[in-house]
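Trainee: So here's target.pdb, just PDB, C-alpha atoms:
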ATOM      1  CA  THR A   1       0.000   0.000   0.000
ATOM      2  CA  PHE A   2       1.001   3.574  -0.629
ATOM      3  CA  VAL A   3       1.755   5.719   2.396
ATOM      4  CA  TYR A   4       1.906   9.467   1.865
ATOM      5  CA  LYS A   5       5.030  10.822   3.548
ATOM      6  CA  GLY A   6       5.203  14.504   2.754
ATOM      7  CA  ALA A   7       3.754  17.572   1.156
ATOM      8  CA  GLY A   8       3.787  18.298  -2.529
ATOM      9  CA  LYS A   9       4.647  16.282  -5.573
ATOM     10  CA  LYS A  10       7.072  13.383  -5.609
ATOM     11  CA  GLN A  11      10.466  14.088  -7.135
ATOM     12  CA  ARG A  12      11.652  11.893  -9.963
ATOM     13  CA  ALA A  13      14.710   9.890  -9.001
ATOM     14  CA  GLU A  14      16.535  11.007 -12.156
ATOM     15  CA  ALA A  15      15.695  14.700 -11.681
ATOM     16  CA  GLU A  16      18.565  17.156 -11.973
ATOM     17  CA  PRO A  17      19.690  18.794  -8.711
ATOM     18  CA  CYS A  18      18.430  22.215  -9.777
ATOM     19  CA  GLN A  19      15.007  20.680 -10.489
ATOM     20  CA  LYS A  20      14.858  19.578  -6.849
ATOM     21  CA  ASP A  21      15.865  22.993  -5.455
ATOM     22  CA  ARG A  22      12.803  25.005  -4.391
ATOM     23  CA  GLY A  23      14.318  28.328  -5.444
ATOM     24  CA  CYS A  24      15.069  27.032  -8.921
ATOM     25  CA  GLN A  25      11.609  25.450  -9.123
ATOM     26  CA  LYS A  26      10.073  28.883  -8.500
ATOM     27  CA  ILE A  27      12.150  30.389 -11.296
ATOM     28  CA  ALA A  28      11.133  27.543 -13.639
ATOM     29  CA  CYS A  29       7.500  28.433 -12.928
ATOM     30  CA  ASP A  30       8.340  32.080 -13.641
ATOM     31  CA  ILE A  31       9.699  31.006 -17.043
ATOM     32  CA  GLN A  32       6.465  29.215 -17.879
ATOM     33  CA  TRP A  33       4.399  32.205 -16.770
ATOM     34  CA  CYS A  34       6.536  34.619 -18.793
ATOM     35  CA  LEU A  35       6.395  32.443 -21.902
ATOM     36  CA  SER A  36       2.626  32.099 -21.699
ATOM     37  CA  ARG A  37       2.268  35.882 -21.384
ATOM     38  CA  SER A  38       4.579  36.593 -24.334
ATOM     39  CA  ASN A  39       3.163  34.123 -26.887
ATOM     40  CA  TYR A  40       6.108  31.791 -26.221
ATOM     41  CA  LYS A  41       8.729  34.201 -27.528
ATOM     42  CA  VAL A  42      11.872  33.146 -25.669
ATOM     43  CA  LYS A  43      13.681  36.427 -26.338
ATOM     44  CA  ARG A  44      11.143  38.258 -24.184
ATOM     45  CA  CYS A  45      11.817  35.904 -21.287
ATOM     46  CA  GLN A  46      15.561  35.504 -21.678
ATOM     47  CA  HIS A  47      16.197  37.374 -18.418
ATOM     48  CA  VAL A  48      14.229  34.721 -16.507
ATOM     49  CA  VAL A  49      15.960  31.874 -18.362
ATOM     50  CA  ASP A  50      19.335  33.412 -17.452
ATOM     51  CA  LYS A  51      18.216  33.615 -13.823
ATOM     52  CA  TYR A  52      17.280  29.901 -13.885
ATOM     53  CA  ASN A  53      20.646  28.950 -15.412
ATOM     54  CA  ALA A  54      22.459  30.916 -12.715
ATOM     55  CA  CYS A  55      20.391  29.143 -10.066
ATOM     56  CA  CYS A  56      21.334  25.752 -11.514
ATOM     57  CA  GLU A  57      25.017  26.690 -11.526
ATOM     58  CA  ARG A  58      24.762  27.762  -7.874
ATOM     59  CA  VAL A  59      23.125  24.468  -6.890
ATOM     60  CA  GLU A  60      25.726  22.425  -8.763
ATOM     61  CA  LYS A  61      28.574  24.337  -7.085
ATOM     62  CA  GLU A  62      27.001  23.732  -3.665
ATOM     63  CA  ILE A  63      26.829  20.006  -4.390
ATOM     64  CA  LEU A  64      30.453  19.933  -5.526
ATOM     65  CA  LYS A  65      31.526  21.722  -2.337
ATOM     66  CA  ARG A  66      29.599  19.240  -0.176
ATOM     67  CA  THR A  67      31.110  16.245  -1.937
ATOM     68  CA  GLY A  68      34.591  17.716  -1.867
ATOM     69  CA  ALA A  69      34.957  17.644  -5.637
ATOM     70  CA  LEU A  70      35.550  21.390  -5.895
TER      71      LEU A  70
END
Could I get this file's structure written as structure tokens?
Mentor:
Amino acid sequence: TFVYKGAGKKQRAEAEPCQKDRGCQKIACDIQWCLSRSNYKVKRCQHVVDKYNACCERVEKEILKRTGAL
């Protein structure tokens, strides 16, 4: 039987680290919102995409520091 053990959606096991980070998840939602408001013209939302990429880089660096690979 399934036992619910937390709030929110389950994370995929193969999800990238930045997809699991709540801050980056918020920015990913901001990208979708921006794209829907701009008829899916990426150029108009590039600033949000850049923000998401920076968030992913930050998360990856944090992981490398924790594992001692940096």
Trainee: As an exercise, work out the distance from CA of Ile27 (chain A) to CA of Tyr52 (chain A) in Å and give it to one decimal place.
Mentor: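 Taking CA of Ile27 (chain A) and CA of Tyr52 (chain A), their separation equals 5.8 Å.
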Trainee: Which residue, A:Gln46, A:Gly68, A:Cys55, A:Lys61, has the smallest gap to Gln25 (chain A) when you use all atoms listed in the file?
Mentor: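 Closest to Gln25 (chain A) of all the choices is A:Cys55.
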Trainee: Quick one: distance from CA of Ala15 (chain A) to CA of Ala28 (chain A) in Å, one decimal?
Mentor: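 Rounded to one decimal, the two atoms are 13.8 Å apart.
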Trainee: Quick one: everything within 12 Å of Val48 (chain A), counting all atoms listed in the file, minus sequence neighbours fewer than 5 positions away in the same chain. Send it as a CSV table (one decimal) with C-alpha atoms, in the frame of the given file.
Mentor:
chain,number,residue,atom,x,y,z
A,24,CYS,CA,15.1,27.0,-8.9
A,26,LYS,CA,10.1,28.9,-8.5
A,27,ILE,CA,12.2,30.4,-11.3
A,28,ALA,CA,11.1,27.5,-13.6
A,29,CYS,CA,7.5,28.4,-12.9
A,30,ASP,CA,8.3,32.1,-13.6
A,31,ILE,CA,9.7,31.0,-17.0
A,32,GLN,CA,6.5,29.2,-17.9
A,33,TRP,CA,4.4,32.2,-16.8
A,34,CYS,CA,6.5,34.6,-18.8
A,35,LEU,CA,6.4,32.4,-21.9
A,42,VAL,CA,11.9,33.1,-25.7
A,43,LYS,CA,13.7,36.4,-26.3
A,53,ASN,CA,20.6,29.0,-15.4
A,54,ALA,CA,22.5,30.9,-12.7
A,55,CYS,CA,20.4,29.1,-10.1
Trainee: Mind giving me the straight-line distance from CA of Asp21 (chain A) to CA of Lys51 (chain A) in Å, one decimal?
Mentor: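 Interatomic distance, CA of Asp21 (chain A) to CA of Lys51 (chain A): 13.7 Å.
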Trainee: Please determine an axis-aligned box that encloses all atoms of region 28-36 of chain A listed in the file, with 5 Å added on each side, and express its centre and edge lengths in Å to one decimal as AutoDock Vina command-line options.
Mentor:
--center_x 6.9 --center_y 31.1 --center_z -17.4 --size_x 18.5 --size_y 17.1 --size_z 19.0
